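**Q** My structure file protein.csv, CSV, C-alpha atoms, is below:
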chain,number,residue,atom,x,y,z
A,528,MET,CA,34.7,-5.8,-21.4
A,529,CYS,CA,37.6,-7.3,-23.3
A,530,ALA,CA,36.9,-8.6,-26.8
A,531,HIS,CA,38.8,-9.8,-29.8
A,532,VAL,CA,37.7,-7.5,-32.7
A,533,LEU,CA,38.4,-8.2,-36.4
A,534,VAL,CA,38.8,-4.9,-38.3
A,535,ALA,CA,38.2,-5.2,-42.1
A,536,GLU,CA,39.2,-1.8,-43.6
A,537,ASP,CA,41.2,-1.1,-46.8
A,538,ASP,CA,42.3,2.3,-45.7
A,539,GLU,CA,45.4,1.6,-43.7
A,540,LYS,CA,45.3,4.9,-41.8
A,541,GLN,CA,41.7,4.4,-40.8
A,542,ALA,CA,42.4,0.8,-39.8
A,543,GLU,CA,45.3,1.8,-37.6
A,544,LEU,CA,43.2,4.5,-35.9
A,545,ILE,CA,40.6,1.9,-35.1
A,546,ARG,CA,43.2,-0.6,-33.9
A,547,ARG,CA,44.7,1.9,-31.5
A,548,SER,CA,41.3,2.9,-30.2
A,549,LEU,CA,40.4,-0.8,-29.6
A,550,LEU,CA,43.7,-1.4,-27.7
A,551,ALA,CA,43.1,1.7,-25.6
A,552,GLU,CA,39.7,0.2,-24.7
A,553,GLY,CA,41.4,-3.0,-23.5
A,554,HIS,CA,40.5,-5.1,-26.6
A,555,THR,CA,42.7,-7.1,-28.9
A,556,ALA,CA,42.4,-6.5,-32.6
A,557,THR,CA,43.3,-8.2,-35.9
A,558,VAL,CA,43.3,-6.0,-39.0
A,559,VAL,CA,42.8,-7.1,-42.6
A,560,HIS,CA,42.4,-5.0,-45.8
A,561,ASP,CA,40.1,-7.0,-48.1
A,562,GLY,CA,37.0,-9.0,-48.0
A,563,ALA,CA,38.5,-12.4,-48.7
A,564,ALA,CA,41.0,-11.9,-45.9
A,565,ALA,CA,38.2,-10.9,-43.6
A,566,LEU,CA,36.3,-14.1,-44.3
A,567,ASP,CA,39.5,-16.2,-43.8
A,568,ALA,CA,40.3,-14.4,-40.5
A,569,ALA,CA,36.7,-14.8,-39.3
A,570,ARG,CA,36.9,-18.6,-39.9
A,571,ARG,CA,40.3,-19.0,-38.2
A,572,LEU,CA,40.0,-16.6,-35.3
A,573,ARG,CA,36.2,-16.6,-34.4
A,574,PRO,CA,36.4,-12.9,-33.3
A,575,ASP,CA,33.8,-11.5,-30.8
A,576,LEU,CA,32.9,-8.7,-33.3
A,577,LEU,CA,33.6,-7.5,-36.8
A,578,VAL,CA,34.1,-3.9,-37.8
A,579,LEU,CA,33.4,-4.1,-41.6
A,580,ASP,CA,34.0,-1.5,-44.2
A,581,LEU,CA,31.5,-1.8,-47.1
A,582,MET,CA,33.9,-0.7,-49.8
A,583,LEU,CA,36.5,-3.5,-49.5
A,584,PRO,CA,38.4,-4.9,-52.5
A,585,VAL,CA,38.1,-8.6,-53.6
A,586,VAL,CA,34.9,-9.1,-51.7
A,587,ASP,CA,32.9,-6.1,-50.6
A,588,GLY,CA,31.4,-5.7,-47.2
A,589,PHE,CA,27.9,-6.7,-48.4
A,590,GLY,CA,29.4,-10.0,-49.7
A,591,VAL,CA,31.3,-10.6,-46.5
A,592,CYS,CA,28.1,-10.1,-44.5
A,593,ARG,CA,26.1,-12.4,-46.8
A,594,VAL,CA,28.6,-15.3,-46.4
A,595,LEU,CA,28.9,-14.9,-42.6
A,596,ARG,CA,25.1,-14.7,-42.1
A,597,GLY,CA,24.6,-17.5,-44.6
A,598,GLY,CA,26.3,-20.0,-42.2
A,599,GLU,CA,30.0,-19.2,-41.7
A,600,ASP,CA,29.3,-17.4,-38.4
A,601,PRO,CA,25.7,-16.2,-38.3
A,602,GLU,CA,25.9,-14.9,-34.8
A,603,ILE,CA,29.0,-12.7,-35.1
A,604,PRO,CA,28.1,-9.0,-34.3
A,605,VAL,CA,28.9,-6.7,-37.2
A,606,VAL,CA,29.4,-2.9,-37.1
A,607,MET,CA,29.4,-1.6,-40.7
A,608,LEU,CA,31.4,1.4,-41.8
A,609,THR,CA,30.3,3.2,-45.0
A,610,ALA,CA,31.1,6.2,-47.0
A,611,ARG,CA,27.7,5.8,-48.6
A,612,SER,CA,24.9,7.9,-47.1
A,613,ALA,CA,22.3,6.6,-49.4
A,614,GLU,CA,19.3,5.1,-47.4
A,615,ASP,CA,19.2,2.0,-49.7
A,616,ASP,CA,22.8,1.1,-48.9
A,617,VAL,CA,22.3,1.5,-45.2
A,618,LEU,CA,19.0,-0.5,-45.3
A,619,LEU,CA,20.7,-3.3,-47.3
A,620,GLY,CA,23.5,-3.6,-44.8
A,621,LEU,CA,21.0,-3.8,-41.9
A,622,GLU,CA,18.9,-6.4,-43.9
A,623,LEU,CA,22.0,-8.5,-44.4
A,624,GLY,CA,22.4,-8.6,-40.6
A,625,ALA,CA,24.6,-5.7,-39.6
A,626,ASP,CA,24.0,-4.9,-35.9
A,627,ASP,CA,24.9,-1.2,-36.3
A,628,TYR,CA,26.5,1.1,-38.9
A,629,MET,CA,28.5,4.3,-39.0
A,630,THR,CA,28.8,6.7,-41.9
A,631,LYS,CA,32.2,8.2,-42.6
A,632,PRO,CA,33.6,10.5,-41.4
A,633,TYR,CA,33.0,9.3,-37.9
A,634,SER,CA,34.3,9.9,-34.4
A,635,PRO,CA,36.5,7.1,-33.1
A,636,ARG,CA,35.0,7.7,-29.6
A,637,GLU,CA,31.5,7.2,-31.0
A,638,LEU,CA,32.7,4.0,-32.8
A,639,MET,CA,34.1,2.6,-29.5
A,640,ALA,CA,30.8,3.5,-27.8
A,641,ARG,CA,28.8,1.7,-30.5
A,642,ILE,CA,31.1,-1.4,-30.2
A,643,ARG,CA,30.6,-1.5,-26.4
A,644,THR,CA,26.9,-1.4,-26.9
A,645,VAL,CA,26.9,-4.1,-29.5
A,646,LEU,CA,29.1,-6.4,-27.5
A,647,ARG,CA,27.0,-5.9,-24.4
A,648,ARG,CA,23.8,-6.6,-26.4
A,649,SER,CA,25.3,-9.7,-28.0
A,650,GLY,CA,26.8,-11.2,-24.8
A,651,ARG,CA,30.1,-11.7,-26.6
A,652,GLY,CA,33.5,-10.7,-25.4
A,653,ALA,CA,35.4,-11.8,-22.3
A,654,GLY,CA,33.6,-9.3,-20.1
A,655,ALA,CA,30.3,-10.9,-21.1
A,656,ARG,CA,31.3,-14.4,-20.3
A,657,ASP,CA,30.8,-15.1,-16.6
A,658,GLY,CA,32.3,-11.8,-15.7
A,659,ASP,CA,35.8,-13.0,-16.7
A,660,VAL,CA,37.9,-10.4,-18.4
A,661,VAL,CA,41.2,-12.2,-17.9
A,662,VAL,CA,43.1,-13.7,-20.9
A,663,ARG,CA,44.8,-16.9,-19.9
A,664,ALA,CA,47.4,-19.0,-21.7
A,665,ALA,CA,50.6,-21.0,-21.0
A,666,GLY,CA,50.4,-20.4,-17.2
A,667,LEU,CA,50.0,-16.7,-17.8
A,668,SER,CA,47.0,-14.5,-16.9
A,669,VAL,CA,46.7,-11.1,-18.5
A,670,ASP,CA,44.0,-8.7,-17.0
A,671,PRO,CA,43.3,-5.8,-19.4
A,672,GLU,CA,41.1,-4.0,-16.9
A,673,ARG,CA,43.5,-4.0,-14.0
A,674,HIS,CA,46.6,-4.0,-16.3
A,675,GLU,CA,48.0,-6.9,-14.4
A,676,VAL,CA,50.1,-9.9,-15.5
A,677,ARG,CA,50.6,-13.1,-13.4
A,678,CYS,CA,52.9,-16.0,-14.3
A,679,ASP,CA,52.1,-19.2,-12.5
A,680,GLY,CA,50.2,-17.0,-10.0
A,681,VAL,CA,53.1,-14.7,-9.3
A,682,PRO,CA,52.6,-10.9,-10.2
A,683,VAL,CA,54.8,-9.7,-13.1
A,684,GLU,CA,55.6,-6.0,-13.7
A,685,CYS,CA,55.4,-5.1,-17.4
A,686,THR,CA,55.9,-1.9,-19.3
A,687,PRO,CA,52.8,-0.7,-21.3
A,688,ALA,CA,54.5,-1.9,-24.5
A,689,GLU,CA,55.3,-5.3,-23.0
A,690,PHE,CA,51.8,-5.6,-21.7
A,691,GLN,CA,50.2,-5.0,-25.1
A,692,ILE,CA,52.5,-7.6,-26.8
A,693,LEU,CA,51.7,-10.2,-24.1
A,694,LEU,CA,48.0,-9.5,-24.3
A,695,ALA,CA,47.9,-9.9,-28.0
A,696,MET,CA,49.9,-13.2,-27.9
A,697,ALA,CA,48.0,-14.6,-24.9
A,698,ALA,CA,44.7,-14.0,-26.8
A,699,GLU,CA,46.0,-16.2,-29.6
A,700,PRO,CA,48.4,-18.8,-28.2
A,701,GLU,CA,50.3,-20.7,-30.9
A,702,ARG,CA,49.7,-18.0,-33.5
A,703,VAL,CA,53.0,-16.8,-35.0
A,704,PHE,CA,53.3,-13.0,-34.9
A,705,SER,CA,55.7,-11.1,-37.1
A,706,ARG,CA,57.8,-8.3,-35.6
A,707,ARG,CA,55.7,-5.8,-37.6
A,708,GLN,CA,52.5,-7.2,-36.1
A,709,LEU,CA,53.9,-7.0,-32.6
A,710,LEU,CA,55.2,-3.5,-33.2
A,711,HIS,CA,51.6,-2.4,-34.1
A,712,CYS,CA,50.6,-3.6,-30.6
A,713,THR,CA,53.0,-1.1,-29.0
A,714,ARG,CA,51.9,1.9,-31.0
A,715,GLY,CA,50.3,4.5,-28.9
A,716,PHE,CA,52.5,3.4,-26.0
A,717,ASP,CA,55.9,3.3,-27.6
A,718,ARG,CA,55.8,5.6,-30.7
A,719,ALA,CA,59.5,5.7,-31.2
A,720,SER,CA,59.8,1.9,-31.3
A,721,THR,CA,61.1,0.0,-34.4
A,722,GLU,CA,60.6,-3.6,-35.5
A,723,ARG,CA,64.1,-4.4,-34.0
A,724,ALA,CA,62.9,-3.0,-30.7
A,725,VAL,CA,60.3,-5.8,-30.5
A,726,ASP,CA,63.3,-8.2,-30.0
A,727,VAL,CA,64.2,-6.1,-26.9
A,728,HIS,CA,60.6,-6.3,-25.6
A,729,ILE,CA,60.6,-10.1,-26.1
A,730,MET,CA,64.0,-10.4,-24.4
A,731,ASN,CA,62.7,-8.4,-21.4
A,732,LEU,CA,59.5,-10.5,-21.2
A,733,ARG,CA,61.5,-13.7,-21.2
A,734,ARG,CA,63.5,-12.5,-18.2
A,735,LYS,CA,60.2,-12.0,-16.4
A,736,ILE,CA,58.2,-15.1,-17.4
A,737,GLU,CA,60.7,-17.8,-18.3
A,738,ALA,CA,62.4,-20.1,-15.8
A,739,ASP,CA,65.5,-20.0,-18.1
A,740,PRO,CA,65.4,-17.0,-20.5
A,741,ARG,CA,68.2,-18.5,-22.6
A,742,ARG,CA,66.0,-21.6,-23.1
A,743,PRO,CA,62.4,-20.2,-23.4
A,744,ALA,CA,59.5,-22.5,-23.0
A,745,ARG,CA,56.7,-19.9,-23.4
A,746,LEU,CA,57.8,-17.1,-25.7
A,747,LEU,CA,59.3,-19.0,-28.6
A,748,THR,CA,61.2,-17.7,-31.7
A,749,VAL,CA,59.9,-18.9,-35.0
A,750,PHE,CA,63.0,-18.3,-37.1
A,751,GLY,CA,62.5,-16.2,-40.2
A,752,VAL,CA,59.0,-15.3,-39.1
A,753,GLY,CA,58.7,-13.9,-35.6
A,754,TYR,CA,57.4,-15.1,-32.2
A,755,LYS,CA,54.7,-17.1,-30.7
A,756,LEU,CA,53.3,-17.9,-27.2
A,757,SER,CA,53.4,-21.7,-26.7
A,758,GLY,CA,50.6,-23.4,-25.0
A,759,THR,CA,46.8,-23.5,-25.1
A,760,ARG,CA,44.3,-21.3,-23.3
A,761,ALA,CA,43.8,-22.2,-19.7
Show me the file's structure as structure tokens.
**A**
Amino acid sequence: MCAHVLVAEDDEKQAELIRRSLLAEGHTATVVHDGAAALDAARRLRPDLLVLDLMLPVVDGFGVCRVLRGGEDPEIPVVMLTARSAEDDVLLGLELGADDYMTKPYSPRELMARIRTVLRRSGRGAGARDGDVVVRAAGLSVDPERHEVRCDGVPVECTPAEFQILLAMAAEPERVFSRRQLLHCTRGFDRASTERAVDVHIMNLRRKIEADPRRPARLLTVFGVGYKLSGTRA
């Protein structure tokens, strides 16, 4: 089951650990570090699931859940993370509509298992929609389960880092990704990579999916910002 998961966690190390775990499971992930950014990302991206830390700055996790359940996206599954073990806090989170919760410290493997269960129960995520786990955009199809890429129906061989970059961009066509954001997609597969190495990955991908790599029509440069995948979801 491939899903787009929004992670709202102010601890950057914890957020990165969750992001890497999600990528290893075949999901795509967007990470934010405060409650206001979580609400904005939920509105823009309509993720399949939200991993929500309670102790967020600006707007805490309780506030985020109240807004979402109050009409912004009342159906989005929410897995709450809390350092609070008090029964009242846990009950309040569940009363506000959280589908599950985990108390810190937690096992990333257990968190992934909880996410799988919530996605299956909610019927959200690509794997829950007509059995289709393939992400499609701009004539590309990216299959996280089979680790396969096709361009206009033709198989394309990609390195693990190239695959993760293409998967993230195909999941959000027309979104502009910075080099840093794309670098995060490769972590766990290309630990020694730098932001400048992302340019090399993009160049190699253009050789594989563009009719004319010198005049790309799919993987476009947004000068001063980063890159985007042109086109809409198929």
**Q** Between A:Ile603, A:Ala724, A:Leu693, A:Leu618, which is the closest to A:Ser649 once you count only C-alpha atoms?
**A**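 Looking only at the distances to A:Ser649, the closest residue turns out to be A:Ile603.
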**Q** Identify which of the residues A:Glu599, A:Pro687, A:Leu550, A:Gln541 lies closest to A:Lys631, counting all atoms listed in the file when measuring atom-to-atom distances.
**A**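 Among the listed residues, the smallest separation from A:Lys631 belongs to A:Gln541.
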**Q** Have a look at atom CA of A:Cys592 and atom CA of A:Cys529 and let me know their distance in Å, one decimal.
**A**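 Computing the Euclidean distance for atom CA of A:Cys592 and atom CA of A:Cys529 yields 23.4 Å.
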**Q** Between A:Ser634, A:Lys735, A:Leu572, A:Arg648, which has the minimum distance to A:Val683 (counting all atoms listed in the file)?
**A**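 Ranking A:Ser634, A:Lys735, A:Leu572, A:Arg648 by distance to A:Val683, first place goes to A:Lys735.
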**Q** With only C-alpha atoms as the atoms that count, which of A:Lys755, A:His728, A:Arg723, A:Val681 lies nearest to A:Glu701?
**A** A:Lys755
**Q** Between A:Glu622, A:Asp616, A:Glu737, A:Glu552, which has the minimum distance to A:Leu667 (counting only C-alpha atoms)?
**A**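 Result for the nearest residue to A:Leu667: A:Glu737.
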**Q** For atom CA of A:Val617 and atom CA of A:Thr555, quote the distance in Å rounded to one decimal.
**A**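 Separation of atom CA of A:Val617 and atom CA of A:Thr555: 27.5 Å.
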**Q** Looking at A:Ile736, A:Leu608, A:Leu623, A:Cys712, which one is nearest to A:Gly666, with distances taken over all atoms listed in the file?
**A** A:Ile736
**Q** Quick check, in Å to one decimal: how far apart do atom CA of A:Ile692 and atom CA of A:Leu709 lie?
**A**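 Value for the atom CA of A:Ile692-atom CA of A:Leu709 distance: 6.0 Å.
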